[in-house]
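The structure file structure-v5.txt is reproduced below (compact mmCIF, C-alpha atoms).
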# COMPACT_ATOMS: atom_id res chain seq x y z
CA MET A 1 9.72 -19.77 -29.25
CA TYR A 2 11.26 -16.61 -30.72
CA LYS A 3 9.06 -14.60 -28.38
CA ASN A 4 10.43 -16.43 -25.33
CA MET A 5 14.01 -15.95 -26.56
CA PHE A 6 13.32 -12.25 -26.97
CA ILE A 7 11.92 -11.99 -23.44
CA ILE A 8 14.91 -13.80 -21.94
CA VAL A 9 17.38 -11.59 -23.82
CA LEU A 10 15.47 -8.50 -22.66
CA LEU A 11 15.48 -9.62 -19.02
CA ALA A 12 19.17 -10.61 -19.20
CA GLY A 13 19.97 -7.11 -20.47
CA LEU A 14 17.96 -5.56 -17.65
CA GLY A 15 19.70 -7.88 -15.17
CA ILE A 16 23.15 -6.83 -16.42
CA LEU A 17 22.10 -3.18 -16.12
CA LEU A 18 20.87 -3.63 -12.54
CA GLY A 19 23.93 -5.72 -11.61
CA SER A 20 26.35 -3.10 -12.87
CA PHE A 21 24.41 -0.47 -10.92
CA LEU A 22 24.81 -2.62 -7.81
CA LEU A 23 28.58 -3.00 -8.28
CA THR A 24 29.30 0.65 -9.03
CA HIS A 25 26.95 2.39 -6.61
CA HIS A 26 28.28 3.83 -3.38
CA ALA A 27 26.17 4.01 -0.25
CA ASN A 28 25.17 7.51 0.81
CA LYS A 29 27.19 8.80 3.72
CA ALA A 30 25.10 11.91 4.35
CA LEU A 31 21.65 13.15 3.40
CA PRO A 32 21.26 15.22 0.22
CA GLU A 33 20.36 18.87 0.65
CA LEU A 34 16.56 18.71 0.49
CA PRO A 35 16.03 15.76 2.90
CA ALA A 36 18.54 17.34 5.28
CA TYR A 37 16.46 20.52 5.21
CA TYR A 38 13.29 18.52 5.95
CA ALA A 39 14.98 16.62 8.81
CA ASP A 40 16.38 19.76 10.41
CA LYS A 41 13.48 22.15 9.95
CA THR A 42 10.47 19.90 10.61
CA ALA A 43 10.54 20.39 14.40
CA SER A 44 10.59 24.19 14.19
CA GLU A 45 8.66 24.83 10.95
CA VAL A 46 5.92 22.20 11.02
CA GLY A 47 5.98 20.96 14.61
CA ALA A 48 5.40 17.28 13.78
CA ALA A 49 7.53 14.62 15.48
CA ASN A 50 7.22 12.22 12.53
CA VAL A 51 9.18 13.66 9.61
CA VAL A 52 7.56 11.28 7.08
CA THR A 53 4.13 12.62 8.07
CA ALA A 54 5.40 16.20 7.72
CA VAL A 55 6.67 15.40 4.21
CA ILE A 56 3.42 13.68 3.19
CA VAL A 57 0.93 16.17 4.62
CA THR A 58 2.73 19.50 4.36
CA TYR A 59 5.87 19.62 2.20
CA ARG A 60 4.44 17.22 -0.40
CA GLY A 61 0.79 17.84 0.42
CA PHE A 62 -0.17 18.40 -3.18
CA ASP A 63 1.02 14.87 -4.09
CA THR A 64 -1.19 13.44 -1.35
CA LEU A 65 -4.21 15.33 -2.71
CA GLY A 66 -3.50 13.73 -6.09
CA GLU A 67 -3.09 10.35 -4.43
CA VAL A 68 -6.49 10.39 -2.72
CA THR A 69 -7.96 11.53 -6.05
CA ILE A 70 -6.41 8.49 -7.78
CA LEU A 71 -7.80 6.23 -5.07
CA PHE A 72 -11.23 7.82 -5.56
CA VAL A 73 -11.05 7.24 -9.31
CA ALA A 74 -10.01 3.61 -8.71
CA ALA A 75 -12.96 3.07 -6.33
CA SER A 76 -15.36 4.61 -8.88
CA LEU A 77 -13.96 2.42 -11.68
CA ILE A 78 -14.38 -0.71 -9.54
CA ALA A 79 -17.96 0.31 -8.74
CA MET A 80 -18.60 0.81 -12.48
CA PHE A 81 -17.12 -2.56 -13.50
CA LEU A 82 -19.03 -4.39 -10.77
CA LYS A 83 -22.39 -2.76 -11.42
CA THR A 84 -24.95 -5.13 -9.92
CA SER A 85 -28.25 -5.96 -11.53
CA LYS A 86 -31.42 -5.41 -9.57
CA ALA A 87 -32.50 -9.01 -10.15
CA PRO A 88 -33.33 -10.98 -7.00
CA LYS A 89 -30.42 -12.73 -5.41
CA ASP A 90 -30.53 -16.43 -6.13
CA ARG A 91 -27.57 -17.62 -4.08
CA HIS A 92 -28.04 -18.13 -0.39
CA PRO A 93 -24.72 -18.68 1.41
CA ARG A 94 -25.12 -20.39 4.74
CA PRO A 95 -25.10 -18.04 7.75
CA SER A 96 -21.76 -17.41 9.38
CA SER A 97 -20.76 -19.34 12.48
CA VAL A 98 -21.54 -18.25 16.04
CA ILE A 99 -17.85 -17.67 16.75
CA LEU A 100 -17.47 -15.26 13.83
CA SER A 101 -20.64 -13.27 14.55
CA THR A 102 -19.89 -12.99 18.28
CA ALA A 103 -16.28 -12.01 17.68
CA GLN A 104 -17.44 -9.43 15.14
CA LYS A 105 -19.73 -7.75 17.70
CA LEU A 106 -16.86 -7.58 20.18
CA LEU A 107 -14.01 -6.69 17.84
CA PHE A 108 -15.56 -4.29 15.30
CA PRO A 109 -15.66 -1.25 17.67
CA LEU A 110 -12.15 -2.03 18.92
CA ILE A 111 -10.71 -2.27 15.40
CA VAL A 112 -12.35 1.02 14.36
CA LEU A 113 -11.07 2.64 17.56
CA PHE A 114 -7.55 1.41 16.78
CA GLY A 115 -7.80 2.82 13.27
CA VAL A 116 -8.85 6.19 14.70
CA TYR A 117 -5.91 6.02 17.14
CA VAL A 118 -3.50 5.30 14.27
CA PHE A 119 -4.56 8.29 12.20
CA THR A 120 -4.97 10.82 15.03
CA ASN A 121 -1.43 10.01 16.23
CA GLY A 122 0.05 10.08 12.73
CA HIS A 123 2.19 13.13 13.52
CA LEU A 124 3.75 11.54 16.61
CA THR A 125 4.17 7.82 15.92
CA PRO A 126 4.53 5.65 12.81
CA GLY A 127 1.19 5.49 11.06
CA GLY A 128 -1.26 7.98 9.69
CA GLY A 129 -4.27 8.41 7.50
CA PHE A 130 -3.54 5.67 4.97
CA GLN A 131 -2.66 3.02 7.55
CA GLY A 132 -5.57 4.01 9.82
CA GLY A 133 -7.96 3.97 6.87
CA ALA A 134 -6.77 0.47 5.94
CA VAL A 135 -7.30 -0.70 9.54
CA ILE A 136 -10.87 0.68 9.50
CA ALA A 137 -11.50 -1.08 6.18
CA THR A 138 -10.28 -4.33 7.78
CA GLY A 139 -12.87 -3.88 10.55
CA PHE A 140 -15.54 -3.30 7.92
CA LEU A 141 -14.36 -6.50 6.19
CA LEU A 142 -14.98 -8.44 9.43
CA LEU A 143 -18.49 -6.94 9.51
CA LEU A 144 -19.10 -8.06 5.91
CA MET A 145 -17.80 -11.57 6.57
CA ALA A 146 -20.04 -12.02 9.62
CA ASN A 147 -23.18 -10.77 7.79
CA PRO A 148 -22.66 -11.55 4.08
CA GLN A 149 -26.38 -11.11 3.30
CA ALA A 150 -27.02 -7.90 5.20
CA GLU A 151 -28.02 -4.74 3.36
CA PHE A 152 -25.79 -1.87 4.41
CA LYS A 153 -26.61 1.79 4.12
CA HIS A 154 -24.51 2.49 1.07
CA GLY A 155 -25.14 6.23 1.27
CA LEU A 156 -23.34 6.62 4.58
CA LEU A 157 -19.97 5.55 3.16
CA ASN A 158 -20.36 7.87 0.17
CA PHE A 159 -21.41 10.69 2.51
CA ILE A 160 -18.33 10.28 4.77
CA GLU A 161 -16.11 10.11 1.71
CA SER A 162 -17.46 13.26 0.07
CA ILE A 163 -17.58 15.28 3.29
CA SER A 164 -14.00 14.42 4.27
CA GLY A 165 -12.69 15.00 0.74
CA THR A 166 -14.38 18.41 0.55
CA SER A 167 -13.16 19.42 4.01
CA TYR A 168 -9.62 18.40 3.03
CA VAL A 169 -9.65 20.80 0.09
CA ILE A 170 -11.31 23.55 2.19
CA ILE A 171 -8.59 23.25 4.85
CA GLY A 172 -5.99 23.45 2.08
CA ILE A 173 -7.58 26.67 0.79
CA LEU A 174 -7.79 28.03 4.36
CA GLY A 175 -4.05 27.43 4.57
CA ALA A 176 -3.59 29.49 1.42
CA ILE A 177 -5.73 32.37 2.80
CA LEU A 178 -4.65 32.43 6.46
CA GLY A 179 -1.23 30.83 6.18
CA LEU A 180 1.55 30.89 3.64
CA GLY A 181 0.29 28.61 0.90
CA PHE A 182 -2.03 25.82 -0.19
CA LEU A 183 -2.18 23.08 2.49
CA ASP A 184 -0.01 25.10 4.87
CA ASN A 185 -0.59 23.81 8.41
CA ARG A 186 0.51 26.90 10.32
CA PHE A 187 -2.79 28.78 10.40
CA MET A 188 -3.56 26.76 13.55
CA SER A 189 -1.35 26.94 16.63
CA LEU A 190 1.74 24.73 16.35
CA GLY A 191 1.58 23.76 20.04
CA GLU A 192 4.28 21.88 21.90
CA LEU A 193 6.31 19.31 19.97
CA GLY A 194 5.28 15.76 20.80
CA THR A 195 1.79 16.39 22.20
CA LEU A 196 -1.46 15.27 20.60
CA PHE A 197 -2.71 18.80 19.84
CA SER A 198 0.36 20.03 18.03
CA ALA A 199 1.67 20.47 14.48
CA GLY A 200 -1.11 22.88 13.48
CA ALA A 201 -3.58 21.42 11.01
CA ILE A 202 -1.72 18.13 10.43
CA PRO A 203 -3.86 15.97 12.79
CA VAL A 204 -7.04 17.42 11.23
CA ILE A 205 -5.86 16.83 7.67
CA TYR A 206 -4.60 13.32 8.41
CA SER A 207 -7.86 12.40 10.19
CA LEU A 208 -9.81 13.56 7.13
CA ILE A 209 -7.49 11.53 4.86
CA GLY A 210 -7.97 8.53 7.17
CA LEU A 211 -11.76 8.80 7.00
CA LYS A 212 -11.67 9.24 3.24
CA VAL A 213 -9.31 6.31 2.60
CA GLY A 214 -11.23 4.11 5.06
CA ALA A 215 -14.56 4.94 3.37
CA GLU A 216 -13.10 4.35 -0.11
CA LEU A 217 -11.52 0.98 0.71
CA SER A 218 -14.69 -0.11 2.58
CA ASN A 219 -16.68 0.92 -0.48
CA ILE A 220 -14.51 -1.30 -2.72
CA LEU A 221 -14.94 -4.25 -0.33
CA HIS A 222 -18.68 -3.60 -0.12
CA HIS A 223 -19.06 -3.65 -3.91
CA LEU A 224 -17.02 -6.86 -4.13
CA ASN A 225 -19.17 -8.44 -1.40
CA GLU A 226 -22.38 -7.46 -3.19
CA VAL A 227 -21.51 -9.27 -6.41
CA GLN A 228 -20.73 -12.43 -4.42
CA ASN A 229 -24.48 -13.01 -3.93
CA GLU A 230 -25.22 -12.84 -7.65
CA ALA A 231 -25.38 -15.88 -9.85
CA MET B 1 25.68 -9.50 12.15
CA VAL B 2 22.52 -11.22 13.41
CA VAL B 3 20.46 -8.63 11.53
CA ILE B 4 22.39 -9.31 8.32
CA ILE B 5 21.84 -13.08 8.58
CA LEU B 6 18.15 -12.53 9.37
CA THR B 7 17.79 -10.25 6.35
CA ILE B 8 19.50 -12.79 4.06
CA VAL B 9 17.15 -15.54 5.26
CA LEU B 10 14.12 -13.28 4.79
CA GLY B 11 15.31 -12.31 1.31
CA LEU B 12 15.78 -15.97 0.31
CA VAL B 13 12.29 -16.86 1.59
CA MET B 14 10.91 -13.86 -0.32
CA ILE B 15 12.51 -14.88 -3.62
CA SER B 16 11.47 -18.52 -3.25
CA MET B 17 7.90 -17.35 -2.54
CA ALA B 18 8.01 -15.15 -5.66
CA VAL B 19 9.13 -18.16 -7.74
CA THR B 20 6.37 -20.24 -6.11
CA ALA B 21 3.85 -17.57 -7.10
CA LEU B 22 4.78 -18.00 -10.77
CA THR B 23 5.02 -21.82 -10.79
CA ALA B 24 2.12 -22.82 -8.49
CA GLN B 25 -0.55 -25.09 -10.02
CA ARG B 26 -3.50 -23.14 -8.65
CA VAL B 27 -3.99 -19.38 -8.73
CA ARG B 28 -5.09 -19.48 -5.06
CA ALA B 29 -1.63 -20.67 -4.02
CA ALA B 30 0.00 -18.02 -6.22
CA VAL B 31 -2.04 -15.25 -4.55
CA LEU B 32 -1.12 -16.52 -1.08
CA ALA B 33 2.56 -16.67 -2.05
CA SER B 34 2.50 -13.06 -3.31
CA GLY B 35 0.81 -12.07 -0.02
CA ILE B 36 3.73 -13.67 1.84
CA VAL B 37 6.17 -11.72 -0.36
CA SER B 38 4.48 -8.48 0.75
CA LEU B 39 4.44 -9.53 4.40
CA ILE B 40 8.18 -10.32 4.42
CA ALA B 41 8.84 -7.07 2.56
CA SER B 42 7.21 -5.24 5.47
CA ILE B 43 9.65 -6.89 7.92
CA ILE B 44 12.59 -5.83 5.73
CA TYR B 45 11.20 -2.25 5.65
CA LEU B 46 11.25 -2.29 9.45
CA LEU B 47 14.90 -3.40 9.43
CA LEU B 48 15.67 -0.64 6.90
CA ALA B 49 14.37 1.99 9.40
CA ALA B 50 11.10 2.71 7.61
CA PRO B 51 8.29 1.90 10.12
CA ASP B 52 5.69 3.99 8.26
CA VAL B 53 6.21 2.06 5.05
CA ALA B 54 6.24 -1.23 6.99
CA MET B 55 2.80 -0.48 8.48
CA THR B 56 1.37 0.49 5.10
CA GLU B 57 2.75 -2.59 3.36
CA ALA B 58 1.47 -4.94 6.09
CA ALA B 59 -2.02 -3.42 6.21
CA ILE B 60 -2.60 -2.55 2.55
CA GLY B 61 -0.13 -4.46 0.37
CA SER B 62 -0.39 -7.75 2.22
CA GLY B 63 -3.87 -7.62 3.75
CA LEU B 64 -6.27 -5.81 1.46
CA THR B 65 -4.72 -6.88 -1.86
CA THR B 66 -5.00 -10.56 -0.89
CA ILE B 67 -8.61 -10.09 0.23
CA ILE B 68 -9.57 -8.36 -3.04
CA PHE B 69 -7.89 -11.21 -4.96
CA PHE B 70 -9.90 -13.80 -3.05
CA TYR B 71 -13.18 -11.96 -3.53
CA VAL B 72 -12.54 -11.99 -7.29
CA LEU B 73 -11.33 -15.63 -7.32
CA ASN B 74 -14.53 -16.64 -5.54
CA LYS B 75 -16.52 -15.32 -8.53
CA ILE B 76 -14.44 -17.28 -11.05
CA ARG B 77 -15.46 -20.88 -10.48
CA ARG B 78 -13.05 -23.06 -12.39
CA SER B 79 -10.93 -26.05 -11.59
CA ASP B 80 -7.55 -24.30 -11.85
CA VAL B 81 -8.26 -21.25 -9.66
CA MET C 1 32.42 -9.15 3.15
CA GLU C 2 32.25 -5.39 2.69
CA TYR C 3 29.45 -5.85 0.15
CA LEU C 4 27.33 -7.66 2.73
CA THR C 5 25.43 -4.64 4.05
CA LEU C 6 21.74 -4.32 4.83
CA GLN C 7 21.33 -1.92 1.93
CA ASN C 8 22.93 -4.26 -0.62
CA ILE C 9 20.85 -7.23 0.52
CA GLY C 10 17.71 -5.13 0.14
CA LEU C 11 18.83 -3.99 -3.33
CA VAL C 12 19.65 -7.52 -4.54
CA THR C 13 16.34 -8.90 -3.24
CA GLY C 14 14.44 -6.04 -4.85
CA PHE C 15 16.23 -6.45 -8.20
CA LEU C 16 15.54 -10.19 -8.24
CA LEU C 17 11.87 -9.58 -7.43
CA ILE C 18 11.68 -7.05 -10.27
CA LEU C 19 13.17 -9.56 -12.73
CA ILE C 20 10.93 -12.42 -11.51
CA GLY C 21 7.83 -10.22 -11.68
CA LEU C 22 8.67 -8.90 -15.16
CA TYR C 23 9.39 -12.42 -16.44
CA GLY C 24 6.06 -13.63 -15.06
CA ALA C 25 4.11 -10.70 -16.51
CA LEU C 26 5.64 -11.31 -19.95
CA THR C 27 5.38 -15.12 -20.12
CA GLN C 28 2.21 -16.09 -18.22
CA LYS C 29 -0.97 -16.73 -20.19
CA ASN C 30 -3.54 -16.58 -17.39
CA ILE C 31 -4.71 -13.00 -16.71
CA LEU C 32 -4.89 -13.53 -12.94
CA ARG C 33 -1.31 -14.83 -12.88
CA ILE C 34 -0.19 -11.76 -14.83
CA ILE C 35 -1.76 -9.57 -12.13
CA VAL C 36 0.01 -11.61 -9.40
CA ALA C 37 3.30 -11.06 -11.26
CA PHE C 38 2.56 -7.31 -11.36
CA THR C 39 2.11 -7.18 -7.57
CA ILE C 40 5.47 -8.95 -7.13
CA PHE C 41 7.09 -6.42 -9.49
CA ASP C 42 5.51 -3.64 -7.42
CA ALA C 43 6.87 -5.04 -4.14
CA GLY C 44 10.38 -5.34 -5.60
CA LEU C 45 10.37 -1.79 -6.94
CA ASN C 46 9.27 -0.36 -3.57
CA LEU C 47 11.92 -2.42 -1.77
CA VAL C 48 14.65 -1.00 -4.05
CA ILE C 49 13.57 2.60 -3.41
CA VAL C 50 13.47 2.14 0.38
CA ALA C 51 16.82 0.29 0.38
CA LEU C 52 18.44 3.15 -1.57
CA SER C 53 17.31 5.64 1.10
CA TYR C 54 18.86 3.63 3.95
CA ILE C 55 22.05 4.91 5.59
CA LYS C 56 23.99 2.60 7.89
CA GLY C 57 23.74 3.34 11.60
CA ARG C 58 20.92 5.86 11.34
CA VAL C 59 17.41 5.69 12.81
CA ALA C 60 13.88 6.10 11.47
CA PRO C 61 12.91 9.77 10.91
CA ILE C 62 10.79 10.21 14.05
CA ILE C 63 11.75 12.68 16.77
CA ASP C 64 11.75 11.30 20.34
CA GLN C 65 13.82 11.48 23.53
CA THR C 66 16.71 9.46 22.14
CA THR C 67 17.23 11.63 19.04
CA GLY C 68 16.81 15.06 20.63
CA ILE C 69 15.95 17.98 18.35
CA THR C 70 19.40 19.13 17.23
CA ASN C 71 21.56 17.88 14.34
CA LEU C 72 18.72 15.71 13.10
CA SER C 73 20.06 15.55 9.54
CA GLU C 74 23.01 13.52 10.87
CA LYS C 75 20.81 10.99 12.68
CA PHE C 76 17.92 10.26 10.31
CA VAL C 77 17.59 8.18 7.16
CA ASP C 78 16.13 9.91 4.10
CA PRO C 79 12.40 10.61 4.71
CA VAL C 80 11.44 11.61 1.15
CA PRO C 81 11.68 8.15 -0.57
CA GLN C 82 9.76 6.65 2.35
CA ALA C 83 6.92 9.12 1.84
CA LEU C 84 6.86 8.43 -1.91
CA VAL C 85 6.87 4.64 -1.41
CA LEU C 86 3.96 5.01 1.01
CA THR C 87 2.07 6.80 -1.77
CA SER C 88 3.07 4.12 -4.27
CA ILE C 89 1.80 1.25 -2.10
CA VAL C 90 -1.61 2.87 -1.62
CA ILE C 91 -1.95 3.57 -5.34
CA GLY C 92 -0.78 0.00 -6.04
CA VAL C 93 -3.75 -1.53 -4.25
CA GLY C 94 -6.13 0.74 -6.18
CA VAL C 95 -4.56 -0.26 -9.50
CA THR C 96 -4.61 -3.95 -8.56
CA GLY C 97 -8.30 -3.67 -7.66
CA VAL C 98 -9.12 -2.06 -11.01
CA MET C 99 -7.11 -4.72 -12.90
CA LEU C 100 -8.87 -7.54 -11.02
CA THR C 101 -12.39 -6.25 -11.55
CA PHE C 102 -11.57 -5.67 -15.23
CA ALA C 103 -10.33 -9.27 -15.46
CA LEU C 104 -13.58 -10.41 -13.84
CA ARG C 105 -15.55 -8.44 -16.43
CA MET C 106 -13.49 -10.00 -19.23
CA PHE C 107 -14.10 -13.48 -17.80
CA LYS C 108 -17.84 -12.85 -17.69
CA THR C 109 -18.04 -11.82 -21.35
CA ARG C 110 -15.81 -14.58 -22.80
CA GLN C 111 -15.75 -17.33 -20.10
CA SER C 112 -11.99 -17.49 -20.49
CA LEU C 113 -8.95 -16.22 -18.63
CA ASP C 114 -6.40 -16.91 -21.38
CA ILE C 115 -4.86 -13.70 -22.69
CA ASN C 116 -4.68 -15.24 -26.20
CA ASP C 117 -8.49 -15.36 -26.40
CA PHE C 118 -8.69 -11.59 -26.41
CA LYS C 119 -7.37 -10.76 -29.86
CA GLU C 120 -9.27 -7.50 -30.33
CA THR C 121 -6.85 -5.51 -28.23
CA LYS C 122 -3.87 -6.72 -30.27
CA TRP C 123 -2.24 -4.45 -32.84

Have the structure of the file written as structure tokens, please.
Amino acid sequence: MYKNMFIIVLLAGLGILLGSFLLTHHANKALPELPAYYADKTASEVGAANVVTAVIVTYRGFDTLGEVTILFVAASLIAMFLKTSKAPKDRHPRPSSVILSTAQKLLFPLIVLFGVYVFTNGHLTPGGGFQGGAVIATGFLLLLMANPQAEFKHGLLNFIESISGTSYVIIGILGAILGLGFLDNRFMSLGELGTLFSAGAIPVIYSLIGLKVGAELSNILHHLNEVQNEA
Amino acid sequence: MVVIILTIVLGLVMISMAVTALTAQRVRAAVLASGIVSLIASIIYLLLAAPDVAMTEAAIGSGLTTIIFFYVLNKIRRSDV
Amino acid sequence: MEYLTLQNIGLVTGFLLILIGLYGALTQKNILRIIVAFTIFDAGLNLVIVALSYIKGRVAPIIDQTTGITNLSEKFVDPVPQALVLTSIVIGVGVTGVMLTFALRMFKTRQSLDINDFKETKW
């Protein structure tokens, strides 16, 4: 009882704090200095049409490297917690319906293609590596749902993940050697603003991030699917 | 004005779904309600001029999180989940 | 009427979601429900950050024919919070996955989901 009282008092205090913030805060009329710099200089400095992509991949590229590392650690932890025994599977779920397996054959390539489209056009349109990777993982989920018993080549996902992660860091170091700093995109030609082959190394980096995120999320789903067949 | 009214309606649905998520009898219903909270949040992101965030929230926050929840719920066979 | 802006509605919704999520995380007994409350808290926090970066009458930070390439800092909303929230959402799903698989592991060892059955972690 006292515990509940304490929680309610705590939340009421937090509510009063947030409410007073709401009443006293004034909406921004103009951008602060740093975002204004990003908005003005992206077209000439980075060459990407999507400013959010420019901030994620170039200006704040180091954060993104940390982010994919955190995602990798999370995927490894999930794999560790879900470690499957080698004992024979004793549950036999009934095979999936004809509609699901036929639709999977038709839709899986299209979904993967859409994911690739989303991350290769990340510097022009909304979207990018993380969204494209999630779309690819959704396609992989459809594959898993249509064939819950199938044995997938687990090594392929790990291979894609390690190769794309390593290439990401190598491109970052190339930027430091040939360009102006770690993860600088200007060692490749900036091209014309708004075309597919523009913005220097941004499409390459975002495609690698997309492959890495897609492989990691697919790996998580694959591990979760594997333990479903256990007792 | 239409946008404001739409946002208010979406916000009310979002908060009622969040309350549903805490009060629902079964965990399955709570997970679905929190998925709806994420989905409506992605519409509000779009109205707040953040299409990148809206895409991420719809694909990752609403889709994959719910799927991971259901994979785990499927392993916990009890009457109240 | 002057308080009824898109930004303020987003802020109020986000604040309420934060309070609801925090209340749920502190009062629920079932581990899975605590994780659900955490995802609601997460959604509210992200909504507040994006709403704070919104400026009335401005467009999403993507260059196209309608924006041109001059004076962009007077046409765009703030891109930096959007990039950070994108990061936060992706990390959120990783953290939720780890929490869920850990809960599954706890359920397998003790056959219980009640947080009060796990006294060892208490101090």

Exercise for the section: Just the residues within 7 Å of Val55 in chain A, please, counting all atoms listed in the file, with nothing from its chain fewer than 4 positions along; format it as a list in words. Expected result: Val51, Tyr59 and Arg60 of chain A; Val80 and Ala83 of chain C

Handout entry: Selection: 9 Å around Gly97 in chain C, only C-alpha atoms, excl. self and same-chain fewer than 4 positions, as an MDAnalysis selection string
Key = (chainID A and resid 74:75 78 220) or (chainID B and resid 65 68:69) or (chainID C and resid 92:93 101:102)

Practice task
Could you check which of A:Thr195, A:Asn185, A:Ser20, A:Asn50 is closest to chain B, using all atoms listed in the file?
Solution key: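 The shortest atom-to-atom distance to chain B comes from A:Asn50.
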
Problem - Distance filter 8 Å, only C-alpha atoms, chain A against chain B, as a ChimeraX atom specification - result: /A:52,126-127,130-131,134-135,138,221,224-225,228

Could you save those same residues with C-alpha atoms as a PDB file, in the coordinates of the input?
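The resulting file, again13.pdb, is reproduced below:
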ATOM      1  CA  VAL A  52       7.560  11.280   7.080  1.00  0.00           C
ATOM      2  CA  PRO A 126       4.530   5.650  12.810  1.00  0.00           C
ATOM      3  CA  GLY A 127       1.190   5.490  11.060  1.00  0.00           C
ATOM      4  CA  PHE A 130      -3.540   5.670   4.970  1.00  0.00           C
ATOM      5  CA  GLN A 131      -2.660   3.020   7.550  1.00  0.00           C
ATOM      6  CA  ALA A 134      -6.770   0.470   5.940  1.00  0.00           C
ATOM      7  CA  VAL A 135      -7.300  -0.700   9.540  1.00  0.00           C
ATOM      8  CA  THR A 138     -10.280  -4.330   7.780  1.00  0.00           C
ATOM      9  CA  LEU A 221     -14.940  -4.250  -0.330  1.00  0.00           C
ATOM     10  CA  LEU A 224     -17.020  -6.860  -4.130  1.00  0.00           C
ATOM     11  CA  ASN A 225     -19.170  -8.440  -1.400  1.00  0.00           C
ATOM     12  CA  GLN A 228     -20.730 -12.430  -4.420  1.00  0.00           C
TER      13      GLN A 228
END

Give the residues of chain C that lie within 6 Å of chain A; count only C-alpha atoms, and format the answer as a PDB file with C-alpha atoms, keeping the file's coordinate frame.
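Listed below is the output, part-v7.pdb:
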ATOM      1  CA  PRO C  61      12.910   9.770  10.910  1.00  0.00           C
ATOM      2  CA  ILE C  62      10.790  10.210  14.050  1.00  0.00           C
ATOM      3  CA  ILE C  63      11.750  12.680  16.770  1.00  0.00           C
ATOM      4  CA  LEU C  72      18.720  15.710  13.100  1.00  0.00           C
ATOM      5  CA  SER C  73      20.060  15.550   9.540  1.00  0.00           C
ATOM      6  CA  ASP C  78      16.130   9.910   4.100  1.00  0.00           C
ATOM      7  CA  PRO C  79      12.400  10.610   4.710  1.00  0.00           C
ATOM      8  CA  ALA C  83       6.920   9.120   1.840  1.00  0.00           C
ATOM      9  CA  GLY C  94      -6.130   0.740  -6.180  1.00  0.00           C
ATOM     10  CA  VAL C  98      -9.120  -2.060 -11.010  1.00  0.00           C
TER      11      VAL C  98
END

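With distances restricted to only C-alpha atoms, B:Ala49 is the closest residue to chain C from B:Ala49, B:Leu32, B:Met17, B:Leu39.
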
Handout entry: For Ser42 in chain B, the nearest of the candidates B:Val19, B:Ala30, B:Ala24, B:Gly11, counting only C-alpha atoms
Key =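 Looking at the shortest contact to Ser42 in chain B, the residue is B:Gly11.
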
Exercise for the section: Could you please determine the separation between CA of Gln28 in chain C and CA of Asp114 in chain C in Å, to one decimal place? Expected result: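 Computed distance, CA of Gln28 in chain C to CA of Asp114 in chain C, equals 9.2 Å.
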
Would you give the centre and edge lengths, in Å to one decimal, of a box along x, y and z around the listed atoms of range 68-71 of chain B, with 4 Å added to each side, as AutoDock Vina command-line options?
--center_x -10.5 --center_y -11.1 --center_z -4.0 --size_x 13.3 --size_y 13.4 --size_z 9.9

Problem - Exercise answer, chain C residues close to chain B, 6 Å and all atoms listed in the file, as a list in words - result: Thr13, Val59, Ala60, Leu86 and Val93 of chain C

Practice task
Pick out the closest residue to Phe70 in chain B from this set: C:Val36, C:Tyr54, C:Leu113, C:Thr87. Count all atoms listed in the file.
Solution key: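 Nearest to Phe70 in chain B: C:Val36.
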
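By all atoms listed in the file, and with residues fewer than 3 positions from range 166-169 of chain A along its chain excluded, the set lying at most 8 Å from it is Ser162, Ile163, Gly172, Ile173, Ile205, Leu208 and Ile209 of chain A.
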
Limited to C-alpha atoms, could you put the picked residues into a file as a compact mmCIF listing (two decimals), keeping the file's coordinate frame?
# COMPACT_ATOMS: atom_id res chain seq x y z
CA SER A 162 -17.46 13.26 0.07
CA ILE A 163 -17.58 15.28 3.29
CA GLY A 172 -5.99 23.45 2.08
CA ILE A 173 -7.58 26.67 0.79
CA ILE A 205 -5.86 16.83 7.67
CA LEU A 208 -9.81 13.56 7.13
CA ILE A 209 -7.49 11.53 4.86

Reconstruct range 192-197 of chain A at the level of N, CA and C atoms, and format the result as a short mmCIF file (atom, residue, chain, number, x, y, z; two decimals), keeping the file's coordinate frame.
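Final file, rebuild-v6.cif:
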data_model
loop_
_atom_site.label_atom_id
_atom_site.label_comp_id
_atom_site.auth_asym_id
_atom_site.auth_seq_id
_atom_site.Cartn_x
_atom_site.Cartn_y
_atom_site.Cartn_z
N GLU A 192 3.00 22.39 21.41
CA GLU A 192 4.28 21.88 21.90
C GLU A 192 4.62 20.59 21.17
N LEU A 193 5.88 20.48 20.74
CA LEU A 193 6.31 19.31 19.97
C LEU A 193 6.09 18.04 20.77
N GLY A 194 5.43 17.05 20.14
CA GLY A 194 5.28 15.76 20.80
C GLY A 194 3.98 15.58 21.54
N THR A 195 3.09 16.58 21.57
CA THR A 195 1.79 16.39 22.20
C THR A 195 0.74 16.14 21.13
N LEU A 196 -0.43 15.65 21.58
CA LEU A 196 -1.46 15.27 20.60
C LEU A 196 -1.94 16.48 19.82
N PHE A 197 -2.21 17.61 20.54
CA PHE A 197 -2.71 18.80 19.84
C PHE A 197 -1.52 19.68 19.46
#
